[in-house]
Structures are given as C-alpha cells and as structure tokens.
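File shown here: work-v4.txt, holding compact mmCIF, C-alpha atoms.
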```txt
# COMPACT_ATOMS: atom_id res chain seq x y z
CA MET A 14 48.43 7.06 47.08
CA THR A 15 51.47 6.01 45.09
CA VAL A 16 54.34 8.34 44.36
CA ARG A 17 55.33 8.35 40.74
CA SER A 18 59.11 8.30 40.52
CA ALA A 19 61.22 9.65 37.69
CA TYR A 20 61.79 6.02 36.76
CA ALA A 21 58.08 5.03 36.68
CA ASP A 22 58.47 3.91 33.09
CA GLY A 23 62.10 2.87 33.53
CA PRO A 24 65.27 4.90 33.13
CA GLY A 25 64.90 4.65 29.36
CA GLY A 26 61.57 6.52 29.58
CA ALA A 27 63.08 9.33 31.66
CA ARG A 28 65.84 9.72 29.14
CA ARG A 29 63.39 9.75 26.25
CA ARG A 30 61.34 12.49 27.91
CA ALA A 31 64.49 14.52 28.57
CA GLY A 32 65.40 14.11 24.90
CA GLU A 33 61.97 15.39 23.84
CA HIS A 34 62.28 18.37 26.19
CA TRP A 35 65.57 19.48 24.60
CA THR A 36 64.32 18.86 21.06
CA ARG A 37 61.37 21.12 21.85
CA ARG A 38 63.69 23.83 23.14
CA ARG A 39 65.80 23.68 19.98
CA GLU A 40 62.65 23.97 17.88
CA LEU A 41 61.47 27.01 19.86
CA GLU A 42 64.80 28.79 19.29
CA ARG A 43 64.54 28.01 15.59
CA GLN A 44 60.99 29.39 15.47
CA LEU A 45 62.13 32.65 17.09
CA HIS A 46 64.94 32.90 14.53
CA ASP A 47 62.89 32.04 11.44
CA GLY A 48 59.74 33.91 12.50
CA PRO A 49 59.77 37.13 14.55
CA ALA A 50 63.53 37.79 14.29
CA LEU A 51 63.52 37.55 10.50
CA ARG A 52 60.39 39.70 10.26
CA LEU A 53 61.95 42.41 12.45
CA SER A 54 65.21 42.37 10.45
CA ALA A 55 63.19 42.71 7.23
CA LEU A 56 61.35 45.69 8.77
CA THR A 57 64.66 47.54 9.22
CA LEU A 58 65.20 47.14 5.45
CA ARG A 59 61.72 48.49 4.68
CA LEU A 60 62.40 51.48 6.92
CA GLY A 61 65.66 52.09 5.06
CA LEU A 62 63.73 52.03 1.82
CA LEU A 63 61.22 54.52 3.21
CA ALA A 64 64.09 56.84 4.21
CA GLN A 65 65.39 56.65 0.65
CA LYS A 66 61.99 57.81 -0.68
CA LEU A 67 61.99 60.92 1.53
CA PRO A 68 64.86 63.05 0.21
CA GLY A 69 65.72 66.08 2.26
CA ALA A 70 63.28 65.34 5.10
CA GLY A 71 65.89 65.76 7.86
CA ASP A 72 63.75 65.23 10.98
CA LEU A 73 61.90 62.29 9.49
CA LEU A 74 65.16 60.62 8.51
CA GLU A 75 66.35 60.92 12.10
CA ASP A 76 63.08 59.41 13.31
CA ILE A 77 63.49 56.48 10.91
CA ALA A 78 67.07 55.86 12.07
CA GLU A 79 65.82 55.98 15.66
CA LEU A 80 63.13 53.36 14.87
CA GLN A 81 65.77 51.14 13.26
CA GLY A 82 67.85 51.48 16.41
CA GLN A 83 64.84 50.44 18.49
CA LEU A 84 64.32 47.36 16.30
CA HIS A 85 67.97 46.43 16.88
CA LEU A 86 67.36 46.61 20.65
CA VAL A 87 64.24 44.44 20.34
CA LEU A 88 66.31 41.90 18.39
CA GLN A 89 69.06 41.98 21.04
CA GLU A 90 66.41 41.19 23.66
CA LEU A 91 65.00 38.37 21.53
CA ARG A 92 68.51 36.93 21.13
CA ALA A 93 69.03 37.05 24.91
CA ILE A 94 65.77 35.11 25.38
CA ALA A 95 66.68 32.61 22.64
CA ASP A 96 70.04 32.03 24.36
CA GLN A 97 68.22 30.96 27.50
CA ILE A 98 66.11 28.49 25.53
CA TYR A 99 68.86 26.88 23.44
CA PRO A 100 71.77 29.00 22.15
CA ALA A 101 72.10 28.99 18.35
CA LEU A 102 75.87 28.69 18.72
CA LEU A 103 75.45 25.51 20.81
CA GLN A 104 73.17 24.09 18.14
CA GLU A 105 75.52 24.88 15.27
CA ALA A 106 79.02 24.72 16.73
CA GLY A 107 78.70 22.61 19.89
CA LEU A 108 79.69 22.85 23.55
CA GLY A 109 83.24 24.20 23.19
CA PRO A 110 82.40 27.41 21.24
CA ALA A 111 79.17 27.97 23.24
CA VAL A 112 80.92 27.64 26.63
CA ARG A 113 83.77 29.93 25.46
CA GLU A 114 81.21 32.58 24.52
CA LEU A 115 79.55 32.15 27.93
CA ALA A 116 82.92 32.39 29.74
CA GLY A 117 83.46 35.82 28.16
CA ARG A 118 80.41 37.12 30.02
CA VAL A 119 81.64 36.07 33.48
CA PRO A 120 83.90 38.48 35.43
CA VAL A 121 86.22 35.64 36.47
CA ARG A 122 89.18 34.17 34.62
CA ILE A 123 87.91 30.98 32.96
CA ARG A 124 90.02 28.61 30.87
CA VAL A 125 87.98 26.42 28.53
CA HIS A 126 89.59 23.25 27.22
CA ALA A 127 87.46 21.60 24.56
CA ASP A 128 87.95 20.18 21.09
CA SER A 129 85.30 20.11 18.39
CA ASP A 130 83.58 16.86 19.53
CA ARG A 131 79.80 16.87 19.17
CA PHE A 132 77.41 14.99 21.48
CA ASP A 133 73.74 14.06 21.52
CA GLN A 134 71.74 17.35 21.32
CA ALA A 135 69.93 16.77 24.62
CA VAL A 136 73.24 16.06 26.39
CA GLU A 137 74.77 19.21 24.89
CA GLY A 138 71.73 21.16 26.12
CA VAL A 139 71.77 19.89 29.68
CA ALA A 140 75.58 20.18 29.92
CA TYR A 141 75.60 23.76 28.62
CA PHE A 142 72.98 24.96 31.07
CA LEU A 143 74.56 23.27 34.07
CA VAL A 144 77.92 24.86 33.19
CA ALA A 145 76.12 28.21 32.83
CA GLN A 146 74.51 27.78 36.24
CA VAL A 147 77.85 27.04 37.94
CA LEU A 148 79.79 29.80 36.12
CA LEU A 149 77.19 32.53 36.55
CA ASP A 150 77.14 31.75 40.29
CA LEU A 151 80.89 32.39 40.76
CA SER A 152 81.82 35.25 43.06
CA PRO A 153 84.06 37.79 41.30
CA ASP A 154 87.07 37.06 43.54
CA THR A 155 87.32 33.39 42.51
CA GLY A 156 89.54 32.10 39.79
CA PRO A 157 91.01 30.88 37.70
CA VAL A 158 88.36 28.33 36.80
CA ASP A 159 89.06 25.42 34.43
CA VAL A 160 86.31 23.90 32.30
CA ILE A 161 87.37 20.69 30.55
CA ILE A 162 85.00 19.13 28.01
CA ARG A 163 85.97 15.86 26.34
CA ARG A 164 84.69 12.51 25.12
CA ASP A 165 85.60 9.37 27.02
CA ALA A 166 84.60 5.71 26.64
CA TYR A 167 81.17 6.38 28.27
CA GLY A 168 80.21 9.64 26.60
CA LEU A 169 80.62 13.22 27.79
CA ALA A 170 83.20 13.95 30.49
CA LEU A 171 82.97 17.44 31.98
CA ASP A 172 85.30 18.73 34.72
CA LEU A 173 84.63 22.03 36.45
CA GLY A 174 87.73 22.97 38.46
CA GLY A 175 88.01 25.84 40.94
CA VAL A 176 84.22 26.29 41.30
CA ASP A 177 81.84 26.12 44.27
CA THR A 178 81.56 22.34 44.80
CA ASP A 179 78.33 22.79 46.83
CA GLN A 180 76.67 23.00 43.41
CA ALA A 181 77.37 19.29 42.82
CA ASP A 182 73.97 18.24 44.22
CA THR A 183 71.91 20.43 41.88
CA VAL A 184 74.14 19.36 38.99
CA GLY A 185 73.38 15.74 39.90
CA ASP A 186 69.61 16.42 39.85
CA GLN A 187 69.80 17.77 36.30
CA ILE A 188 71.62 14.79 34.79
CA ARG A 189 69.77 12.02 36.63
CA ALA A 190 67.39 11.39 33.73
CA PHE A 191 70.42 10.74 31.52
CA GLY A 192 71.87 8.14 33.90
CA GLY A 193 74.78 10.52 34.54
CA ALA A 194 77.05 10.64 37.59
CA VAL A 195 78.66 13.46 39.57
CA GLU A 196 81.55 13.35 41.99
CA VAL A 197 83.62 15.95 43.79
CA ALA A 198 87.38 15.49 43.84
CA GLY A 199 89.54 18.24 45.32
CA GLY A 200 87.94 21.49 44.18
CA THR A 201 86.59 19.91 41.01
CA ILE A 202 83.06 18.82 40.06
CA LYS A 203 83.39 15.83 37.74
CA VAL A 204 80.35 15.08 35.59
CA ARG A 205 79.91 12.02 33.40
CA ILE A 206 76.95 11.63 31.04
CA PRO A 207 76.66 8.46 28.97
CA CYS A 208 75.76 9.22 25.36
CA GLU A 209 76.48 8.62 21.70
CA MET B 29 78.00 47.49 -8.29
CA ARG B 30 76.89 44.00 -9.33
CA VAL B 31 75.57 42.10 -6.32
CA ALA B 32 74.34 38.51 -5.94
CA LEU B 33 72.68 37.19 -2.80
CA ALA B 34 71.58 33.99 -1.10
CA GLU B 35 69.17 34.08 1.85
CA ASP B 36 66.54 31.50 2.81
CA GLY B 37 64.14 33.95 4.48
CA ALA B 38 61.91 35.26 1.67
CA LEU B 39 60.82 38.40 3.53
CA PHE B 40 64.37 39.50 4.24
CA ARG B 41 65.59 38.51 0.78
CA GLU B 42 62.91 40.63 -0.92
CA GLY B 43 63.59 43.59 1.37
CA LEU B 44 67.29 43.41 0.61
CA VAL B 45 66.72 43.30 -3.16
CA MET B 46 64.53 46.42 -2.91
CA LEU B 47 67.12 48.29 -0.83
CA LEU B 48 69.96 47.28 -3.19
CA ASP B 49 67.86 48.54 -6.13
CA ALA B 50 67.17 51.81 -4.34
CA ALA B 51 70.91 52.19 -3.66
CA GLY B 52 71.56 51.90 -7.40
CA HIS B 53 73.20 48.48 -7.33
CA GLU B 54 72.48 45.82 -9.93
CA VAL B 55 71.15 42.59 -8.40
CA VAL B 56 72.47 39.96 -10.79
CA GLY B 57 71.09 36.98 -8.90
CA CYS B 58 69.07 36.06 -5.86
CA THR B 59 68.67 32.54 -4.47
CA ALA B 60 67.31 30.81 -1.37
CA ASP B 61 70.34 28.59 -0.76
CA GLY B 62 74.09 28.48 -1.22
CA ASP B 63 74.35 25.74 -3.83
CA ALA B 64 71.98 27.60 -6.18
CA LEU B 65 74.13 30.73 -5.81
CA VAL B 66 77.31 28.83 -6.71
CA ASP B 67 75.54 27.52 -9.85
CA LEU B 68 74.25 30.95 -10.76
CA LEU B 69 77.64 32.64 -10.39
CA ALA B 70 79.34 30.00 -12.55
CA ASP B 71 78.49 32.06 -15.64
CA GLN B 72 77.26 35.34 -14.21
CA PRO B 73 79.89 37.89 -13.13
CA ALA B 74 79.39 39.82 -9.88
CA ASP B 75 81.41 42.13 -7.63
CA VAL B 76 80.10 41.09 -4.21
CA ALA B 77 78.07 38.08 -3.01
CA ILE B 78 75.87 38.55 0.07
CA LEU B 79 75.41 35.34 2.08
CA ASP B 80 73.19 34.44 5.01
CA ILE B 81 75.32 32.29 7.36
CA ARG B 82 72.52 30.04 8.60
CA MET B 83 70.94 28.76 5.40
CA PRO B 84 70.94 25.53 3.36
CA PRO B 85 73.07 23.52 2.94
CA GLU B 86 72.61 23.21 6.74
CA PRO B 87 73.85 23.97 9.29
CA ASP B 88 75.91 26.99 8.18
CA GLY B 89 75.63 26.98 4.40
CA GLY B 90 76.90 30.54 4.10
CA LEU B 91 80.38 29.48 5.20
CA THR B 92 80.71 26.42 2.95
CA THR B 93 79.28 28.40 0.03
CA ALA B 94 81.81 31.18 0.64
CA GLU B 95 84.71 28.72 0.51
CA ARG B 96 83.51 27.42 -2.85
CA LEU B 97 82.92 30.93 -4.23
CA ARG B 98 86.33 32.21 -3.07
CA ALA B 99 88.03 29.24 -4.75
CA ALA B 100 86.12 29.71 -8.04
CA HIS B 101 86.15 33.54 -8.13
CA PRO B 102 89.09 34.93 -6.10
CA ASP B 103 88.13 38.56 -6.82
CA LEU B 104 84.51 38.24 -5.70
CA GLY B 105 83.86 40.14 -2.46
CA LEU B 106 81.95 38.28 0.26
CA LEU B 107 79.51 39.82 2.75
CA PHE B 108 78.08 37.55 5.46
CA LEU B 109 74.84 38.56 7.11
CA SER B 110 73.59 36.91 10.26
CA HIS B 111 71.03 37.24 12.99
CA TYR B 112 73.93 36.66 15.41
CA ALA B 113 77.23 38.56 15.74
CA GLU B 114 79.50 35.92 17.26
CA ALA B 115 83.28 35.94 17.66
CA HIS B 116 83.23 32.22 16.80
CA TYR B 117 81.83 32.92 13.31
CA LEU B 118 84.08 35.94 12.83
CA MET B 119 87.17 33.77 13.33
CA ARG B 120 85.79 31.14 10.94
CA ILE B 121 85.10 33.83 8.33
CA LEU B 122 88.62 35.22 8.65
CA GLN B 123 89.96 31.70 8.13
CA ILE B 124 88.28 31.75 4.71
CA SER B 125 89.99 35.03 3.86
CA THR B 126 91.12 38.37 5.29
CA GLU B 127 90.55 40.28 2.07
CA SER B 128 87.34 41.66 0.54
CA ILE B 129 85.23 40.10 3.24
CA GLY B 130 82.64 41.34 5.71
CA TYR B 131 80.38 40.18 8.54
CA ARG B 132 77.39 42.23 9.64
CA LEU B 133 74.16 41.89 11.57
CA LYS B 134 71.07 41.65 9.37
CA GLU B 135 69.32 44.56 11.07
CA LYS B 136 72.35 46.85 10.86
CA ILE B 137 72.60 47.27 7.08
CA GLY B 138 69.11 48.75 6.64
CA SER B 139 70.09 52.07 5.15
CA VAL B 140 71.30 52.89 1.66
CA ASP B 141 74.37 54.67 3.03
CA VAL B 142 75.45 51.87 5.39
CA LEU B 143 74.76 49.15 2.84
CA SER B 144 76.69 50.94 0.08
CA ASP B 145 79.57 51.85 2.41
CA THR B 146 79.84 48.20 3.53
CA LEU B 147 79.79 46.91 -0.07
CA THR B 148 82.28 49.53 -1.28
CA ARG B 149 84.77 48.78 1.50
CA ILE B 150 84.55 45.06 0.67
CA GLN B 151 85.00 45.72 -3.05
CA ASP B 152 88.06 47.83 -2.17
CA GLY B 153 89.62 44.79 -0.48
CA GLU B 154 88.92 45.73 3.15
CA ILE B 155 87.64 43.61 6.04
CA VAL B 156 84.33 44.93 7.42
CA ILE B 157 83.36 43.74 10.89
CA GLU B 158 80.03 44.46 12.58
CA PRO B 159 80.65 47.40 14.96
CA VAL B 160 78.37 45.80 17.59
CA LEU B 161 80.70 42.77 17.65
CA ALA B 162 83.93 44.85 17.56
CA GLN B 163 82.67 46.86 20.53
CA ARG B 164 81.78 43.71 22.47
CA LEU B 165 85.22 42.19 21.81
CA VAL B 166 86.92 45.34 23.11
CA GLU B 167 84.60 45.68 26.13
CA ARG B 168 84.70 41.97 26.97
CA PRO B 169 88.05 40.58 25.88
CA SER B 170 89.16 37.13 26.96
CA SER B 171 89.59 37.23 30.75
CA ASN B 172 93.40 37.27 30.83
CA ARG B 173 93.41 40.30 28.50
CA ARG B 174 91.14 42.45 30.64
CA ASP B 175 93.83 44.15 32.73
CA VAL B 176 95.82 45.22 29.66
CA VAL B 177 92.75 46.56 27.81
CA ALA B 178 91.69 48.37 31.00
CA SER B 179 95.09 50.15 31.01
CA LEU B 180 94.33 51.86 27.66
CA SER B 181 93.13 55.47 27.59
CA HIS B 182 89.58 56.25 26.40
CA ARG B 183 90.90 57.46 23.07
CA GLU B 184 93.06 54.36 22.67
CA VAL B 185 90.01 52.17 23.34
CA ASP B 186 88.13 54.08 20.60
CA VAL B 187 91.00 53.43 18.18
CA LEU B 188 91.20 49.74 19.20
CA ARG B 189 87.45 49.35 18.60
CA LEU B 190 87.72 50.89 15.12
CA MET B 191 90.73 48.66 14.34
CA ALA B 192 88.61 45.68 15.39
CA GLU B 193 85.92 46.87 12.92
CA GLY B 194 88.57 46.47 10.20
CA ARG B 195 88.99 50.22 9.59
CA SER B 196 92.11 51.57 7.90
CA ASN B 197 94.11 54.43 9.46
CA GLY B 198 92.35 56.88 7.17
CA GLY B 199 88.97 55.39 8.14
CA ILE B 200 89.78 55.66 11.86
CA ALA B 201 90.98 59.27 11.42
CA SER B 202 87.76 60.36 9.71
CA GLN B 203 85.56 58.57 12.28
CA LEU B 204 87.33 60.27 15.19
CA PHE B 205 87.87 63.67 13.45
CA VAL B 206 91.64 63.56 14.03
CA THR B 207 94.64 63.46 11.69
CA GLN B 208 96.03 60.24 10.31
CA LYS B 209 99.31 61.02 12.07
CA ALA B 210 97.51 61.14 15.44
CA VAL B 211 95.92 57.77 14.66
CA GLU B 212 99.32 56.25 13.86
CA LYS B 213 100.65 57.51 17.20
CA HIS B 214 97.71 55.98 19.10
CA ILE B 215 98.18 52.67 17.29
CA ALA B 216 101.89 52.58 18.14
CA ASN B 217 101.00 53.16 21.84
CA ILE B 218 98.28 50.46 21.77
CA PHE B 219 100.59 47.92 20.12
CA SER B 220 103.29 48.64 22.67
CA LYS B 221 100.85 48.21 25.60
CA LEU B 222 99.42 44.98 24.16
CA GLY B 223 102.90 43.67 23.41
CA LEU B 224 102.06 43.17 19.71
CA HIS B 225 104.82 43.47 17.13
CA THR B 226 104.74 46.58 14.97
CA ASP B 227 105.46 44.41 11.93
CA THR B 228 101.76 43.50 12.07
CA ALA B 229 101.01 47.09 11.08
CA GLU B 230 100.02 45.97 7.57
CA HIS B 231 96.25 46.31 7.42
CA HIS B 232 94.88 42.76 7.11
CA ARG B 233 97.45 41.25 9.44
CA ARG B 234 96.74 44.02 11.91
CA VAL B 235 93.02 43.24 12.09
CA LEU B 236 93.78 39.55 12.67
CA ALA B 237 96.44 40.35 15.29
CA VAL B 238 94.06 42.60 17.21
CA LEU B 239 91.16 40.12 17.11
CA THR B 240 93.36 37.15 18.04
CA TYR B 241 94.78 39.15 20.92
CA LEU B 242 91.33 40.04 22.29
CA ARG B 243 90.12 36.45 21.98
CA SER B 244 93.25 34.61 23.12
CA GLN B 245 92.99 32.25 26.07
CA GLN B 246 96.77 32.27 26.57
CA ASP B 247 99.02 35.00 27.92
CA ALA B 248 101.17 36.83 25.42
```

How does the structure come out when it is put into structure tokens?
Amino acid sequence: MTVRSAYADGPGGARRRAGEHWTRRRELERQLHDGPALRLSALTLRLGLLAQKLPGAGDLLEDIAELQGQLHLVLQELRAIADQIYPALLQEAGLGPAVRELAGRVPVRIRVHADSDRFDQAVEGVAYFLVAQVLLDLSPDTGPVDVIIRRDAYGLALDLGGVDTDQADTVGDQIRAFGGAVEVAGGTIKVRIPCE
Amino acid sequence: MRVALAEDGALFREGLVMLLDAAGHEVVGCTADGDALVDLLADQPADVAILDIRMPPEPDGGLTTAERLRAAHPDLGLLFLSHYAEAHYLMRILQISTESIGYRLKEKIGSVDVLSDTLTRIQDGEIVIEPVLAQRLVERPSSNRRDVVASLSHREVDVLRLMAEGRSNGGIASQLFVTQKAVEKHIANIFSKLGLHTDTAEHHRRVLAVLTYLRSQQDA
C-alpha cells in the first residue's frame, strides 16, 4: 500500500487545493449573507409593517417586537457562524482590520501592527485563522502580545510576539500547503507565506 | 420626508419601501446599486439617502456612493444599513462626515417608530450609531482602555454608551429619565476619568472623541 503524501501531485497541486478550499469558504459566507441573512432581515421589516396595520393592539405589538428581537438573535448567531467560515471583514477590508476586531474579543492586551496591504485570499484566510487559534488560546494573565502583519520580498510576513511558542508546530502544519515556513525566535513565532 | 434608497437585495429593498410608505415618507427613488442612485439623485431632490454598505460597485459600494453623494449634495442625509455592525466601518463612515449620517443594522430598523426616529435625527444633523455597536464598543473597548472604562460607575457607563450612539445631552436625558443638568455632570466626570479635554464637548467632536478613545491602541 502506498501512502499518498500532501505533495502527491507536487507542491503546486497542494497549493491549488488549498486555494480552492478557501474560495469555497468565501462563497459559503457570501451565500449565508445573500440568502438566509437577507431573508431574515426582510422578515423584520414585514413584521414592522404588520405592527403598523394593528393600531392599538398593545399585547400583539409587544409580541411582534419580541419576534423581531428573536430574529436579531438568530442573525447574531448566523454572523458568528459566518465569522468561523470566512469573516466578511477579512474579505472586504483585509487582515489588519479583521485581526484588530478579533483582538478586541480576547481578554489580553494585544497590539496589532498592520497597514492596509492585501494578500492572496487563501493566504489571508489561513493567516487569519492561525492568528485566531493562537490568540484565543492565550491565558488571561499573558500580555502584552504583539501581532505584526506586513509584506516582505517573499509575501506575507507575520510575527506573533509574546504568545505560547508551543503552537509553532500546529501553525507550521496549516501553512505547509502554501510552501510557508515557521520559526521561533525569542518568544516570537515568525511565519512566512510566499504569495502575490 | 423624501427618501431615496439603494440596496441590491430585492426582498429587503421591497420590504423597506413598504415600511417607508407606511411611515408616511415619500420614496423618491429606489435602485439596486450605488451608481444608479447617484444618477437618479442628480435631478431628483431628497432629504435622506439609505445605502446598503455591501452592494455594487463592489466591494463596499455604499461607502464610495456616499462620498460621491456628499460631494454633490452636501445637505443630503446619509443612512448606512448593513448586515454587520463593525467598528471598522463606523470609523470609515465618520471619515466621510460627522454630520447628518447614520449606521444601523438592517434588522434593527424594522419598526415605523425606529425608522422614522433614525431618519429624523439624521435630517436634524445628528450622528446615529447602531446601539448594538455602541454597547459593544463600551463593553469591549481596546485592551489598554479596559481599566479606565471599568472604573466608571454604572450610570456613567450608561451615559457613555448613549454618547457612543451619537445622542445629544437632551437625548441622553430623555433615555435615562434624568435632567439635562444631571447628564452634563455625568459627562464632565466621564471626560475627566478618560482624560479627554472638555473642549470636545461640542456634539459631533464629542462623538468622535469618545469613539476614538474606545478604539485607540495607544495610551492617552
């Protein structure tokens, strides 16, 4: 029996498949946004219209407002799921704004240094989710953490300073298909992903 | 009020037109993308334009359309609707203007009262910020602001949240059922604790100062 390696069809094939994976994830987020999310938002408008047609029906108006509140909660849950597939902010504004938003959710002081450079969409996807994995794993007494995102001669350069460097191995697994490299220097995980 | 709107989702667009009608507003134009709205408003007066952020021209046509509309019609109010309430977009919107401008979640304007109140505040020159987003900014400020925000009293946090929604002193007073004088006292205390200058007390500058403070990555 032969073991099929990630490079069975060459490193170019692995990268192509990774690219398709992230394109698919972007499409799924878009479908959630354009389909069910839009339909639910439109329902809140129809409920508002219904309330307008029922003058003076106090209890019913409260029930309608309660249903609208429930639809808002459903939409919040849909957004949380969409963010785990491919955040809309990452798609539209890039790594810097998306990582800043993520940093706000972590109970540790995180300094994000990033300009408005955009990278290949698959590279932005894999980089965002590996940063998320490292940041969400921080224990609350760590900090401050520095996330530096920039473009160098090879592509994306990502430094995660002040984090748990034991995570470097799993980070390396995620970027292998892209021909990326990881090294640990001091308390910093340094990630390099070649890309456009 | 004369309202024009651009939204690429037909279902939501139709629902919004019906609700605007029911609220007694005149819908003077309704398009599926930003460029068509700019064309339409070239010779059709309106008081407020409602814009979906994520619509053609991609990726965020609402923002580029708003810049063109503000340049061509400085008095036209702008209301952005989005499926997402993000601080990133809020700051971009406030770069376009801090007057007669608003940003709300699509599912949060689904009542005649809320929709009309939002439009009226914008027409009156105010900034209207989605309360869900204002609350999140106050509950989850940038990490080096957390200790200072945590030092505020409950009532001061309420006032800070309403300031972050763009509310005026009178608006804050009526929301909290207190006098305007009491609100002014709370605001003075908050500004002193945050280390913000009182010369930012003027309404539009105050909203920006508060939001920038909550979002800032640097120490004051």

Inset, instruction - Quote the spacing between atom CA of B:Ser220 and atom CA of B:Ala237 in Å to one decimal place. - result: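 One can read the atom CA of B:Ser220 to atom CA of B:Ala237 distance as 13.0 Å.
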
Legend entry - 12 Å contact set for stretch 168-179 of chain B, all atoms listed in the file, chain neighbours under 3 positions out, as a PyMOL selection string: (chain A and resi 113-125+153+156-158) or (chain B and resi 115+160-165+182-189+192+217-224+238-248)

Inset, instruction - Pick out the closest residue to B:Ala51 from this set: A:Leu45, A:Leu58, A:Leu53, A:Val136. Count all atoms listed in the file. - result: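 Under the stated criterion, the closest residue is A:Leu58.
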
Inset, instruction - Quick one: residues within 7 Å of (69.3, 39.7, -7.2) (file frame), counting all atoms listed in the file, please, as a VMD selection string. - result: chain B and resid 31 to 33 45 55 to 58

Legend entry - Interatomic distance, atom CA of A:Phe191 to atom CA of A:Ala140 (Å, one decimal): 10.9 Å

Inset, instruction - Find, counting all atoms listed in the file, the residue in A:Leu51, A:Gly193, A:Glu42, A:Phe132 that gets nearest to A:His85. - result: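 Comparing A:Leu51, A:Gly193, A:Glu42, A:Phe132 against A:His85, the winner is A:Leu51.
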
Inset, instruction - Kindly give the distance, in Å, that separates atom CA of A:Ala101 and atom CA of A:Glu137, rounded to a single decimal. - result: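 Atom CA of A:Glu137 lies 12.1 Å from atom CA of A:Ala101.
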
Give me the residues of chain B that have any atom at most 8 Å from an atom of chain A; for each, the nearest atom pair and the distance in Å, rounded to one decimal. Use all atoms listed in the file, sort by chain and number, and format it as JSON lines.
```
{"residue": "B:Gly37", "atom": "CA", "partner": "A:Leu51", "partner_atom": "CA", "distance": 7.0}
{"residue": "B:Leu39", "atom": "CA", "partner": "A:Ala55", "partner_atom": "CA", "distance": 6.2}
{"residue": "B:Phe40", "atom": "CA", "partner": "A:Ala55", "partner_atom": "CA", "distance": 4.5}
{"residue": "B:Gly43", "atom": "CA", "partner": "A:Leu58", "partner_atom": "CA", "distance": 5.6}
{"residue": "B:Leu44", "atom": "CA", "partner": "A:Leu58", "partner_atom": "CA", "distance": 6.5}
{"residue": "B:Met46", "atom": "CA", "partner": "A:Leu62", "partner_atom": "CA", "distance": 7.4}
{"residue": "B:Leu47", "atom": "CA", "partner": "A:Leu62", "partner_atom": "CA", "distance": 5.7}
{"residue": "B:Ala50", "atom": "CA", "partner": "A:Leu62", "partner_atom": "CA", "distance": 7.1}
{"residue": "B:Pro87", "atom": "CA", "partner": "A:Glu105", "partner_atom": "CA", "distance": 6.3}
{"residue": "B:Asp88", "atom": "CA", "partner": "A:Glu105", "partner_atom": "CA", "distance": 7.4}
{"residue": "B:His111", "atom": "CA", "partner": "A:Ala50", "partner_atom": "CA", "distance": 7.6}
{"residue": "B:Tyr112", "atom": "CA", "partner": "A:Arg92", "partner_atom": "CA", "distance": 7.9}
{"residue": "B:Ala115", "atom": "CA", "partner": "A:Glu114", "partner_atom": "CA", "distance": 7.9}
{"residue": "B:His116", "atom": "CA", "partner": "A:Pro110", "partner_atom": "CA", "distance": 6.6}
{"residue": "B:Lys134", "atom": "CA", "partner": "A:Ser54", "partner_atom": "CA", "distance": 6.0}
{"residue": "B:Glu135", "atom": "CA", "partner": "A:Ser54", "partner_atom": "CA", "distance": 4.7}
{"residue": "B:Lys136", "atom": "CA", "partner": "A:His85", "partner_atom": "CA", "distance": 7.5}
{"residue": "B:Ile137", "atom": "CA", "partner": "A:Leu58", "partner_atom": "CA", "distance": 7.6}
{"residue": "B:Gly138", "atom": "CA", "partner": "A:Leu58", "partner_atom": "CA", "distance": 4.4}
{"residue": "B:Ser139", "atom": "CA", "partner": "A:Gly61", "partner_atom": "CA", "distance": 4.4}
{"residue": "B:Val140", "atom": "CA", "partner": "A:Gly61", "partner_atom": "CA", "distance": 6.6}
{"residue": "B:Arg168", "atom": "CA", "partner": "A:Gly117", "partner_atom": "CA", "distance": 6.4}
{"residue": "B:Pro169", "atom": "CA", "partner": "A:Gly117", "partner_atom": "CA", "distance": 7.0}
{"residue": "B:Ser170", "atom": "CA", "partner": "A:Gly117", "partner_atom": "CA", "distance": 6.0}
{"residue": "B:Ser171", "atom": "CA", "partner": "A:Arg122", "partner_atom": "CA", "distance": 5.0}
{"residue": "B:Asn172", "atom": "CA", "partner": "A:Arg122", "partner_atom": "CA", "distance": 6.5}
{"residue": "B:Gln245", "atom": "CA", "partner": "A:Arg124", "partner_atom": "CA", "distance": 6.7}
```

Legend entry - Of the listed residues A:Arg30, A:Arg205, A:Arg131, A:Arg38, that which approaches A:Tyr167 most closely, counting only C-alpha atoms: A:Arg205
